[in-house]
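Listing of structure-v4.txt, compact mmCIF, C-alpha atoms and all ligand atoms
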# COMPACT_ATOMS: atom_id res chain seq x y z
CA MET H 557 23.00 -8.82 -24.61
CA THR H 558 25.73 -6.50 -23.42
CA GLU H 559 27.87 -7.49 -20.52
CA PRO H 560 27.98 -5.80 -17.11
CA THR H 561 31.72 -5.19 -17.36
CA THR H 562 31.68 -2.68 -14.53
CA THR H 563 30.83 -5.31 -11.98
CA ARG H 564 32.85 -8.19 -13.38
CA SER H 565 35.95 -7.58 -11.31
CA ARG H 566 34.23 -6.52 -8.11
CA ALA H 567 31.46 -8.96 -7.43
CA ASP H 568 32.37 -12.05 -5.51
CA ARG H 569 28.88 -12.74 -4.32
CA ILE H 570 25.58 -11.39 -5.53
CA VAL H 571 22.39 -11.48 -3.52
CA LEU H 572 19.37 -11.82 -5.82
CA ALA H 573 15.78 -11.01 -4.89
CA TYR H 574 14.25 -14.26 -6.07
CA SER H 575 10.57 -14.83 -6.78
CA GLY H 576 10.74 -18.27 -8.34
CA GLY H 577 9.47 -16.89 -11.65
CA LEU H 578 11.09 -16.99 -15.08
CA ASP H 579 13.03 -13.72 -14.99
CA THR H 580 14.73 -14.20 -11.66
CA SER H 581 15.36 -17.91 -12.30
CA VAL H 582 17.19 -17.06 -15.50
CA ALA H 583 19.01 -14.23 -13.75
CA ILE H 584 20.80 -16.66 -11.43
CA GLY H 585 22.88 -18.32 -14.13
CA TRP H 586 23.21 -15.22 -16.20
CA LEU H 587 24.56 -13.13 -13.32
CA ALA H 588 27.04 -15.86 -12.42
CA GLU H 589 28.29 -16.13 -16.01
CA GLN H 590 28.52 -12.43 -16.61
CA THR H 591 30.23 -11.46 -13.38
CA GLY H 592 31.99 -14.61 -12.24
CA ALA H 593 30.28 -14.21 -8.88
CA ASP H 594 28.38 -16.74 -6.83
CA VAL H 595 24.68 -16.02 -6.62
CA VAL H 596 22.73 -16.26 -3.37
CA ALA H 597 18.97 -16.32 -4.00
CA VAL H 598 16.71 -14.72 -1.39
CA ALA H 599 12.96 -15.38 -1.43
CA VAL H 600 10.77 -13.51 1.02
CA ASP H 601 7.30 -14.69 2.00
CA VAL H 602 5.06 -11.67 2.51
CA GLY H 603 1.91 -13.75 2.28
CA GLN H 604 1.83 -13.95 -1.52
CA GLY H 605 0.59 -17.53 -1.40
CA GLY H 606 1.18 -19.76 -4.40
CA GLU H 607 4.12 -22.16 -4.32
CA ASP H 608 5.61 -23.13 -0.99
CA LEU H 609 8.99 -21.72 -0.11
CA GLU H 610 10.75 -25.06 -0.16
CA THR H 611 9.80 -25.56 -3.83
CA ILE H 612 11.09 -22.08 -4.60
CA ARG H 613 14.29 -22.74 -2.66
CA LYS H 614 14.98 -25.95 -4.59
CA ARG H 615 14.34 -24.22 -7.90
CA ALA H 616 16.86 -21.51 -7.05
CA LEU H 617 19.48 -24.17 -6.32
CA GLY H 618 18.48 -26.04 -9.49
CA CYS H 619 19.05 -22.86 -11.45
CA GLY H 620 22.58 -22.57 -10.10
CA ALA H 621 22.39 -20.53 -6.89
CA VAL H 622 25.17 -21.44 -4.45
CA GLU H 623 22.72 -20.79 -1.66
CA ALA H 624 19.01 -20.13 -1.43
CA VAL H 625 17.61 -18.31 1.57
CA VAL H 626 13.88 -18.33 2.22
CA VAL H 627 12.38 -16.04 4.83
CA ASP H 628 8.91 -16.28 6.32
CA ALA H 629 8.38 -12.56 6.85
CA ARG H 630 4.60 -12.61 7.07
CA ASP H 631 4.30 -11.46 10.68
CA GLU H 632 7.07 -8.94 10.23
CA PHE H 633 5.35 -7.59 7.13
CA ALA H 634 1.98 -7.37 8.87
CA GLU H 635 3.29 -5.74 12.03
CA GLU H 636 6.02 -3.45 10.76
CA PHE H 637 4.63 -2.45 7.38
CA CYS H 638 0.88 -3.06 7.09
CA LEU H 639 0.15 -1.83 10.61
CA PRO H 640 1.85 1.56 10.19
CA ALA H 641 -0.04 1.90 6.90
CA LEU H 642 -3.32 1.17 8.66
CA ARG H 643 -2.65 3.66 11.46
CA ALA H 644 -1.78 6.24 8.79
CA ASN H 645 -4.95 5.34 6.81
CA ALA H 646 -2.56 5.08 3.90
CA MET H 647 -4.10 5.29 0.44
CA TYR H 648 -2.02 6.67 -2.43
CA MET H 649 -4.11 9.12 -4.48
CA GLY H 650 -6.80 8.52 -1.89
CA ARG H 651 -7.45 5.03 -3.27
CA TYR H 652 -4.53 2.57 -3.46
CA PRO H 653 -3.59 0.97 -0.13
CA LEU H 654 0.11 0.65 -1.12
CA VAL H 655 0.18 -3.13 -1.43
CA SER H 656 3.45 -3.49 -3.38
CA ALA H 657 4.95 -0.29 -2.02
CA LEU H 658 4.82 -1.73 1.51
CA SER H 659 6.57 -4.99 0.69
CA ARG H 660 9.57 -3.52 -1.13
CA PRO H 661 11.30 -1.89 1.86
CA LEU H 662 10.87 -5.13 3.82
CA ILE H 663 12.40 -7.15 0.99
CA ALA H 664 15.18 -4.57 0.70
CA ARG H 665 15.90 -5.05 4.39
CA HIS H 666 16.20 -8.83 3.95
CA LEU H 667 18.42 -8.44 0.89
CA VAL H 668 20.74 -6.19 2.86
CA ALA H 669 20.82 -8.68 5.74
CA ALA H 670 21.62 -11.52 3.35
CA ALA H 671 24.34 -9.45 1.70
CA ARG H 672 25.89 -8.94 5.12
CA ASP H 673 25.56 -12.63 6.10
CA HIS H 674 27.03 -13.86 2.83
CA ALA H 675 29.61 -11.12 2.34
CA ALA H 676 28.07 -10.00 -0.93
CA SER H 677 28.87 -6.63 -2.45
CA VAL H 678 26.14 -6.62 -5.08
CA VAL H 679 22.37 -6.92 -4.91
CA SER H 680 20.20 -7.81 -7.90
CA HIS H 681 16.48 -7.59 -8.62
CA GLY H 682 14.18 -8.38 -11.53
CA CYS H 683 12.36 -5.07 -11.89
CA THR H 684 11.94 -3.26 -15.18
CA GLY H 685 12.98 0.34 -15.71
CA LYS H 686 9.44 1.64 -16.01
CA GLY H 687 8.04 0.87 -12.59
CA ASN H 688 8.11 2.09 -9.04
CA ASP H 689 9.55 -1.06 -7.55
CA GLN H 690 13.09 -0.54 -8.90
CA VAL H 691 13.08 2.78 -7.06
CA ARG H 692 11.78 1.28 -3.83
CA PHE H 693 14.35 -1.52 -3.85
CA GLU H 694 17.31 0.61 -4.78
CA VAL H 695 16.57 3.63 -2.63
CA GLY H 696 15.85 1.26 0.27
CA ILE H 697 19.12 -0.59 -0.25
CA ALA H 698 21.05 2.65 -0.71
CA THR H 699 19.80 4.04 2.59
CA LEU H 700 20.33 0.81 4.54
CA ALA H 701 23.67 -0.18 3.03
CA PRO H 702 25.22 2.51 0.84
CA HIS H 703 28.24 0.35 0.01
CA LEU H 704 26.19 -2.17 -1.98
CA SER H 705 25.84 -1.83 -5.73
CA VAL H 706 22.90 -3.02 -7.79
CA ILE H 707 22.43 -4.94 -11.04
CA ALA H 708 18.94 -5.11 -12.55
CA PRO H 709 19.31 -7.48 -15.54
CA VAL H 710 15.82 -6.94 -16.96
CA ARG H 711 16.30 -3.17 -16.93
CA ASP H 712 20.03 -2.72 -17.41
CA TYR H 713 20.59 -5.48 -19.98
CA ALA H 714 17.29 -5.25 -21.81
CA TRP H 715 15.99 -8.71 -21.04
CA THR H 716 12.82 -9.71 -22.78
CA ARG H 717 10.50 -12.61 -22.10
CA GLU H 718 11.60 -14.27 -25.33
CA LYS H 719 15.29 -14.05 -24.42
CA ALA H 720 14.56 -15.41 -20.96
CA ILE H 721 12.62 -18.40 -22.33
CA GLU H 722 15.34 -19.13 -24.85
CA TYR H 723 17.98 -18.98 -22.11
CA ALA H 724 15.99 -21.23 -19.79
CA GLN H 725 15.45 -23.82 -22.51
CA ARG H 726 19.04 -23.78 -23.66
CA ARG H 727 20.27 -24.40 -20.08
CA ASP H 728 17.45 -26.78 -19.30
CA LEU H 729 16.53 -24.83 -16.16
CA PRO H 730 13.91 -26.41 -13.86
CA ILE H 731 11.25 -23.89 -14.74
CA ASP H 732 8.03 -24.21 -16.71
CA VAL H 733 8.41 -21.61 -19.43
CA THR H 734 4.99 -22.35 -20.88
CA LYS H 735 3.31 -21.06 -17.71
CA LYS H 736 2.47 -17.62 -18.96
CA SER H 737 -0.01 -15.36 -17.24
CA PRO H 738 -1.40 -12.62 -19.47
CA TYR H 739 -0.89 -10.24 -16.54
CA SER H 740 1.86 -8.94 -14.35
CA ILE H 741 0.79 -9.73 -10.81
CA ASP H 742 2.22 -8.75 -7.45
CA GLN H 743 0.54 -9.97 -4.33
CA ASN H 744 0.99 -10.16 -0.59
CA VAL H 745 -1.21 -10.40 2.46
CA TRP H 746 -2.20 -6.70 2.22
CA GLY H 747 -3.53 -7.12 -1.32
CA ARG H 748 -2.99 -7.97 -4.94
CA ALA H 749 -2.03 -5.84 -7.95
CA VAL H 750 -2.74 -6.84 -11.55
CA GLU H 751 -1.62 -5.01 -14.66
CA THR H 752 -0.79 -5.32 -18.37
CA GLY H 753 -2.55 -7.43 -20.96
CA PHE H 754 -5.91 -6.15 -22.13
CA LEU H 755 -6.05 -3.93 -19.02
CA GLU H 756 -3.58 -1.59 -20.73
CA ASP H 757 -6.54 -0.26 -22.71
CA ILE H 758 -8.10 1.77 -19.91
CA TRP H 759 -11.53 1.55 -21.50
CA ASN H 760 -11.54 -2.25 -21.11
CA GLY H 761 -13.34 -3.35 -17.98
CA PRO H 762 -11.65 -5.99 -15.80
CA VAL H 763 -13.04 -9.49 -16.33
CA GLU H 764 -13.75 -11.85 -13.42
CA ALA H 765 -10.63 -13.91 -14.22
CA VAL H 766 -8.46 -10.98 -13.12
CA TYR H 767 -9.49 -11.46 -9.50
CA SER H 768 -8.43 -14.10 -7.03
CA TYR H 769 -8.71 -12.57 -3.52
CA THR H 770 -12.36 -11.60 -4.01
CA ASP H 771 -15.58 -13.12 -5.24
CA SER H 772 -17.84 -11.06 -7.45
CA PRO H 773 -19.76 -8.43 -5.46
CA ALA H 774 -22.75 -9.23 -7.69
CA THR H 775 -23.11 -12.81 -6.43
CA PRO H 776 -26.25 -13.02 -4.27
CA ARG H 777 -25.33 -13.97 -0.72
CA ALA H 778 -26.16 -13.24 2.91
CA SER H 779 -24.28 -10.32 4.43
CA ASP H 780 -21.61 -10.75 7.09
CA GLU H 781 -21.39 -8.69 10.28
CA VAL H 782 -18.01 -8.26 11.95
CA VAL H 783 -16.85 -6.46 15.09
CA ILE H 784 -13.23 -5.30 15.12
CA SER H 785 -11.54 -4.21 18.35
CA PHE H 786 -8.62 -1.77 18.36
CA GLU H 787 -6.12 -0.71 20.99
CA HIS H 788 -4.18 2.46 20.18
CA GLY H 789 -4.98 2.01 16.51
CA VAL H 790 -3.89 -1.63 16.46
CA PRO H 791 -6.50 -4.26 15.59
CA VAL H 792 -6.42 -6.75 18.46
CA GLY H 793 -9.70 -8.64 18.20
CA ILE H 794 -12.28 -9.89 15.72
CA ASP H 795 -15.71 -10.79 17.07
CA GLY H 796 -14.23 -10.90 20.55
CA ARG H 797 -11.38 -13.28 19.73
CA ALA H 798 -7.80 -12.03 20.05
CA VAL H 799 -5.85 -11.75 16.80
CA THR H 800 -2.37 -10.76 15.69
CA MET H 801 -2.11 -8.19 12.91
CA LEU H 802 -1.42 -10.98 10.43
CA GLN H 803 -4.44 -12.97 11.59
CA ALA H 804 -6.63 -9.88 11.42
CA ILE H 805 -5.65 -9.28 7.79
CA GLU H 806 -5.98 -12.94 6.83
CA GLN H 807 -9.38 -13.37 8.45
CA LEU H 808 -10.72 -10.19 6.89
CA ASN H 809 -9.23 -11.12 3.51
CA ALA H 810 -11.36 -14.26 3.68
CA ARG H 811 -14.53 -12.63 4.99
CA GLY H 812 -14.24 -9.40 2.99
CA GLY H 813 -13.16 -11.33 -0.10
CA ALA H 814 -16.22 -13.57 0.12
CA GLN H 815 -18.38 -10.42 -0.04
CA GLY H 816 -16.48 -8.89 -2.95
CA VAL H 817 -15.05 -6.11 -0.78
CA GLY H 818 -11.88 -4.31 -1.85
CA ARG H 819 -11.81 -4.31 -5.64
CA LEU H 820 -10.22 -1.20 -7.13
CA ASP H 821 -9.52 -0.12 -10.69
CA VAL H 822 -7.09 2.77 -10.65
CA VAL H 823 -5.19 4.90 -13.13
CA GLU H 824 -2.30 6.06 -11.01
CA ASP H 825 0.62 8.44 -11.26
CA ARG H 826 3.83 6.46 -11.16
CA LEU H 827 6.97 7.97 -9.72
CA VAL H 828 8.73 7.65 -13.09
CA GLY H 829 6.21 10.09 -14.54
CA ILE H 830 3.79 7.91 -16.44
CA LYS H 831 0.17 7.14 -15.73
CA SER H 832 -0.60 3.46 -15.51
CA ARG H 833 -3.66 1.36 -14.91
CA GLU H 834 -3.70 -1.19 -12.16
CA VAL H 835 -6.48 -3.39 -10.85
CA TYR H 836 -6.24 -4.12 -7.14
CA GLU H 837 -8.03 -6.27 -4.64
CA ALA H 838 -7.38 -5.72 -0.97
CA PRO H 839 -10.36 -6.99 1.01
CA GLY H 840 -8.75 -7.24 4.45
CA ALA H 841 -6.94 -3.93 4.08
CA LEU H 842 -10.09 -2.10 3.02
CA VAL H 843 -12.19 -3.51 5.86
CA LEU H 844 -9.50 -2.61 8.40
CA LEU H 845 -9.01 0.88 6.96
CA GLU H 846 -12.76 1.54 7.05
CA ALA H 847 -13.02 0.34 10.65
CA HIS H 848 -9.96 2.28 11.73
CA ARG H 849 -11.09 5.54 10.15
CA GLU H 850 -14.48 5.08 11.76
CA LEU H 851 -12.99 4.63 15.23
CA GLU H 852 -10.77 7.67 14.70
CA SER H 853 -13.81 9.76 13.85
CA VAL H 854 -15.11 9.04 17.35
CA THR H 855 -11.86 9.24 19.33
CA VAL H 856 -9.58 11.78 17.63
CA GLU H 857 -10.02 15.45 18.45
CA ARG H 858 -11.09 17.68 15.56
CA ASP H 859 -7.91 19.61 14.85
CA LEU H 860 -5.74 16.54 15.24
CA ALA H 861 -8.01 14.68 12.83
CA ARG H 862 -7.92 17.49 10.27
CA PHE H 863 -4.16 17.80 10.44
CA LYS H 864 -3.68 14.04 10.27
CA LYS H 865 -5.42 13.97 6.87
CA GLY H 866 -2.54 15.89 5.36
CA VAL H 867 0.00 13.72 7.14
CA GLU H 868 -1.72 10.61 5.79
CA GLN H 869 -1.50 11.86 2.24
CA ARG H 870 2.16 12.81 2.57
CA TRP H 871 2.97 9.51 4.29
CA SER H 872 1.33 7.61 1.44
CA GLU H 873 3.23 9.57 -1.18
CA LEU H 874 6.56 9.00 0.55
CA VAL H 875 5.95 5.28 0.78
CA TYR H 876 4.68 5.06 -2.80
CA ASP H 877 7.74 7.01 -3.93
CA GLY H 878 10.19 4.60 -2.31
CA LEU H 879 11.14 6.73 0.69
CA TRP H 880 10.20 4.31 3.48
CA PHE H 881 13.60 4.78 5.11
CA SER H 882 13.69 8.57 5.08
CA PRO H 883 13.81 11.31 7.71
CA LEU H 884 10.40 12.77 6.88
CA LYS H 885 8.73 9.37 6.90
CA ARG H 886 10.28 8.67 10.30
CA SER H 887 9.02 11.94 11.73
CA LEU H 888 5.55 11.43 10.30
CA ASP H 889 5.53 7.98 11.92
CA ALA H 890 6.16 9.64 15.26
CA PHE H 891 3.22 11.96 14.63
CA VAL H 892 0.94 9.08 13.63
CA ASP H 893 2.04 7.14 16.68
CA THR H 894 0.99 9.87 19.12
CA SER H 895 -2.25 10.42 17.21
CA GLN H 896 -3.28 6.83 18.02
CA GLN H 897 -3.15 7.24 21.81
CA HIS H 898 -6.93 7.14 22.19
CA VAL H 899 -7.88 5.05 19.16
CA THR H 900 -9.17 2.24 21.32
CA GLY H 901 -12.60 0.68 21.02
CA GLU H 902 -14.81 -1.35 18.73
CA VAL H 903 -16.38 -0.91 15.33
CA ARG H 904 -19.16 -3.04 13.89
CA LEU H 905 -19.34 -3.35 10.12
CA THR H 906 -21.58 -5.04 7.60
CA LEU H 907 -19.72 -6.65 4.72
CA HIS H 908 -21.94 -7.05 1.72
CA ALA H 909 -22.10 -6.61 -2.06
CA GLY H 910 -18.58 -5.23 -2.38
CA LYS H 911 -18.84 -2.81 0.52
CA ALA H 912 -17.73 -2.64 4.13
CA VAL H 913 -20.05 -0.26 5.95
CA ALA H 914 -19.69 0.71 9.59
CA THR H 915 -22.94 0.39 11.53
CA GLY H 916 -21.76 0.92 15.11
CA ARG H 917 -18.87 2.19 17.19
CA ARG H 918 -18.07 2.30 20.91
CA SER H 919 -15.08 3.43 22.90
CA GLN H 920 -14.07 4.28 26.45
CA ALA H 921 -12.09 7.12 24.88
CA SER H 922 -15.00 8.42 22.83
CA LEU H 923 -15.33 12.17 22.34
CA TYR H 924 -18.93 11.72 21.25
CA ASP H 925 -21.04 13.16 24.05
CA PHE H 926 -24.65 12.08 23.78
CA ASN H 927 -25.82 14.89 26.04
CA LEU H 928 -24.16 17.51 23.87
CA ALA H 929 -25.33 15.98 20.61
CA THR H 930 -28.92 15.05 21.40
CA TYR H 931 -31.86 17.04 20.06
CA ASP H 932 -33.98 15.60 22.86
CA GLU H 933 -35.06 17.39 26.03
CA GLY H 934 -32.34 18.06 28.60
CA ASP H 935 -29.27 18.46 26.41
CA THR H 936 -26.24 20.13 27.98
CA PHE H 937 -25.29 22.23 24.95
CA ASP H 938 -25.92 25.90 25.71
CA GLN H 939 -27.41 27.24 22.50
CA SER H 940 -27.41 30.81 23.79
CA LEU H 941 -23.61 30.81 23.39
CA ALA H 942 -23.92 30.09 19.69
CA LYS H 943 -25.24 33.53 18.77
CA GLY H 944 -22.11 35.37 19.90
CA PHE H 945 -19.88 32.66 18.55
CA VAL H 946 -21.34 32.96 15.06
CA GLU H 947 -21.01 36.76 15.21
CA LEU H 948 -17.30 36.68 16.06
CA TRP H 949 -16.49 33.71 13.84
CA GLY H 950 -17.77 35.52 10.78
CA LEU H 951 -16.31 38.90 11.73
CA PRO H 952 -13.17 38.87 9.52
CA ALA H 953 -15.15 37.74 6.47
CA LYS H 954 -17.82 40.32 7.20
CA ILE H 955 -15.29 43.18 7.43
CA ALA H 956 -13.65 42.13 4.19
CA ALA H 957 -17.02 41.91 2.47
CA ARG H 958 -17.86 45.45 3.64
CA ARG H 959 -14.69 46.75 1.98
CA ASP H 960 -15.41 44.86 -1.25
CA HIS H 961 -18.96 46.13 -1.41
CA ALA H 962 -17.77 49.69 -0.93
CA ALA H 963 -15.18 49.37 -3.70
CA ASP H 964 -17.62 47.48 -5.90
CA THR H 965 -15.21 44.55 -6.19
CA VAL H 966 -17.56 41.91 -4.86
CA PRO H 967 -16.44 38.67 -6.51
CA GLU H 968 -20.00 37.34 -6.63
CA ARG H 969 -21.11 40.28 -8.78
CA ARG H 970 -18.39 39.67 -11.35
CA ASP H 971 -19.33 35.99 -11.37
CA SER H 972 -22.95 36.78 -12.21
CA SER H 973 -21.99 38.96 -15.17
CA SER H 974 -19.79 36.14 -16.50
CA GLY H 975 -22.74 33.84 -16.45
CA LEU H 976 -21.87 31.89 -13.31
CA THR H 977 -24.50 31.36 -10.70
CA ARG H 978 -24.51 33.97 -7.97
CA GLY H 979 -23.32 32.53 -4.66
CA ARG H 980 -25.65 32.81 -1.71
N1 LIG L 1 1.34 -0.01 -9.18
C1 LIG L 1 1.64 -0.64 -7.93
C2 LIG L 1 2.74 0.09 -7.23
O1 LIG L 1 3.55 0.72 -7.85
C3 LIG L 1 1.94 -2.10 -8.07
C4 LIG L 1 3.23 -2.44 -8.75
C5 LIG L 1 3.42 -3.90 -9.09
N2 LIG L 1 2.34 -4.35 -9.90
C6 LIG L 1 2.30 -5.45 -10.66
N3 LIG L 1 1.18 -5.77 -11.22
N4 LIG L 1 3.35 -6.20 -10.84
O2 LIG L 1 2.82 0.02 -6.05
Could you write out this file's structure as structure tokens?
Amino acid sequence: MTEPTTTRSRADRIVLAYSGGLDTSVAIGWLAEQTGADVVAVAVDVGQGGEDLETIRKRALGCGAVEAVVVDARDEFAEEFCLPALRANAMYMGRYPLVSALSRPLIARHLVAAARDHAASVVSHGCTGKGNDQVRFEVGIATLAPHLSVIAPVRDYAWTREKAIEYAQRRDLPIDVTKKSPYSIDQNVWGRAVETGFLEDIWNGPVEAVYSYTDSPATPRASDEVVISFEHGVPVGIDGRAVTMLQAIEQLNARGGAQGVGRLDVVEDRLVGIKSREVYEAPGALVLLEAHRELESVTVERDLARFKKGVEQRWSELVYDGLWFSPLKRSLDAFVDTSQQHVTGEVRLTLHAGKAVATGRRSQASLYDFNLATYDEGDTFDQSLAKGFVELWGLPAKIAARRDHAADTVPERRDSSSGLTRGR
């Protein structure tokens, strides 16, 4: 192991993003030895479940941290990170609801706050050099507190699992080094991400043991019907009972999870340029996203809805790419915010066999006009206007086609000679 000589003289205190796992437990003592600095461990609860925070706090101290800060950030995460993602219908590559990508800027914010409180000049995290999370942490920290520097022992000093176990055993650290999951897992209230192990062969199907937020969609069971109420794009009620954002996610994690909703198997484009395979489960997120999109389809005007699609994609890419605290993201947030003005109402969904399907919607702000839409007697849509509309709508295309026919450059004709089917 090489030594981080560049930081040795500077660092008096280091704030470490602490998970309670092997790598970050070992990092405490190692950082202290290598830099001569005191290490303050910071563990943030974003609804990942597992060990309670007090156990994690004690372990950090047992591993040599001078202080261990634990933060219950579950409501903050739900309201300030998951909610904007919901209102933006955020899905990276149209599929991944940004589970880990949403938690990193929040953790970065808490690391920066701890660095300020404890007068630390260095922040440390346990990410590798191949993933997105290093980018999200470091870009987040750099935008919030540019004066802080970063040490990432696993990445910068080539830590391996073997080295970490050896170190932990040699120092007799209070951590169970035999507890080895075959996967790398990151989870929070918005969902769960699982990678590595046999999943690295992208032909291998995920086995049931990979999942923990969801039951198998194939298990026979009665379906579940849920009604979700929204105000301005914010979920405020489930089956008529008021909920906070956190409660909404938790309740729908349980109910969607029981129906096998929200399993995803994705090969995604990482920011560092590689494709990687990740298995996700995000039952609550997927139910909420489905309901929210459904209510938008009823309450958002056509052009706004079409334009928002592009904004949603860009928003998701920015957040995936670690640019939560960036000017464009901020401006897109303002757009999304105004787009939600009328997204108020209720959506009924059936949760069953791995799917959340909307079966009803109602809203005081609905743009659906029964009298315009009905094919029954007495509709208010004046069909005689359609004839002229169609004529003028198609006029530019018609004029262009006339030119192409005259010059014998009709694309369809060339297509037919090249064996493609002639368009109608
Ligand atoms: N691929 C996801 C992302 O970049 C999740 C990253 C963490 N995944 C994990 N299994 N540790 O957002």
### Proximity to Ala616 (chain H) - best of H:Leu572, H:Leu907, H:Val655, H:Ala963, all atoms listed in the file
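For Ala616 (chain H), the nearest of the candidates is H:Leu572.
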### Task
Would you mind reading off the distance between CA of Arg569 (chain H) and CA of Ala621 (chain H), one decimal, in Å?
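Straight-line distance from CA of Arg569 (chain H) to CA of Ala621 (chain H) works out to 10.5 Å.
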### Query
Which residues form the shell of 7 Å around ligand LIG 1 (chain L) when you count only C-alpha atoms and all ligand atoms, given as number ranges by chain?
H: 654-657, 687-689, 740-742, 749-751, 826, 834, 876
### Contact residues around Glu718 (chain H) with only C-alpha atoms at 12 Å, ignoring same-chain residues under 3 positions, as a VMD selection string
chain H and resid 578 to 579 582 710 714 to 715 721 to 725 733 to 734 736
### Task
Find, counting all atoms listed in the file, the residue in H:Ala720, H:Ser677, H:Phe637, H:His666 that gets nearest to Trp586 (chain H).
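Nearest candidate to Trp586 (chain H) out of H:Ala720, H:Ser677, H:Phe637, H:His666: H:Ala720.
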#### Entry: Given only C-alpha atoms as the counted atoms, nearest of H:Gly816, H:Val835, H:Pro952, H:Leu808 to Thr752 (chain H)
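Checking each of H:Gly816, H:Val835, H:Pro952, H:Leu808 against Thr752 (chain H), counting only C-alpha atoms, the winner is H:Val835.
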### Query
What does the distance between CA of Leu704 (chain H) and CA of Phe881 (chain H) come to in Å, to one decimal place?
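CA of Leu704 (chain H) sits 16.0 Å away from CA of Phe881 (chain H).
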### Query
Separation of CA of Gly910 (chain H) and CA of Gln815 (chain H), in Å?
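So the answer is 5.7 Å.
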### Task
Give as a ChimeraX atom specification every residue, naming chains and numbers as the document does, that has an atom within 9 Å of (-16.2, -15.1, 14.3), counting all atoms listed in the file.
/H:782-783,794-797
### Query
Can you tell me, as a ChimeraX atom specification, what residues are no more than 10 Å from Gln807 (chain H) when counting all atoms listed in the file, ignoring any on the same chain fewer than 6 positions away?
/H:794,799,801,813,839-840
### Proximity to Cys683 (chain H) - best of H:Thr770, H:Ile758, H:Ser779, H:Thr580, all atoms listed in the file
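So, comparing all the options, the nearest one is H:Thr580.
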### Message
Here is a test: counting all atoms listed in the file, which residue of H:Pro773, H:Pro738, H:Gly901, H:Gly696 is nearest to His848 (chain H)?
### Response
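With all atoms listed in the file as the atom set, the closest residue is H:Gly901.
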#### Entry: Nearest to Gly747 (chain H), chosen from H:Leu609, H:Ala841, H:Val626, H:Val571, with only C-alpha atoms counted in the distances
H:Ala841
### Task
Can you pull out every residue within 12 Å of Ala698 (chain H), counting only C-alpha atoms, but drop anything in the same chain fewer than 5 positions away, and send it as a ChimeraX atom specification?
/H:661,664-665,667-668,678-679,690-693,703-706,878-882
Coordinates of box centre and edge lengths for region 714-723 of chain H, 3 Å on every side, axis-aligned, as AutoDock Vina command-line options:
--center_x 14.2 --center_y -12.2 --center_z -23.1 --size_x 13.5 --size_y 19.9 --size_z 10.4
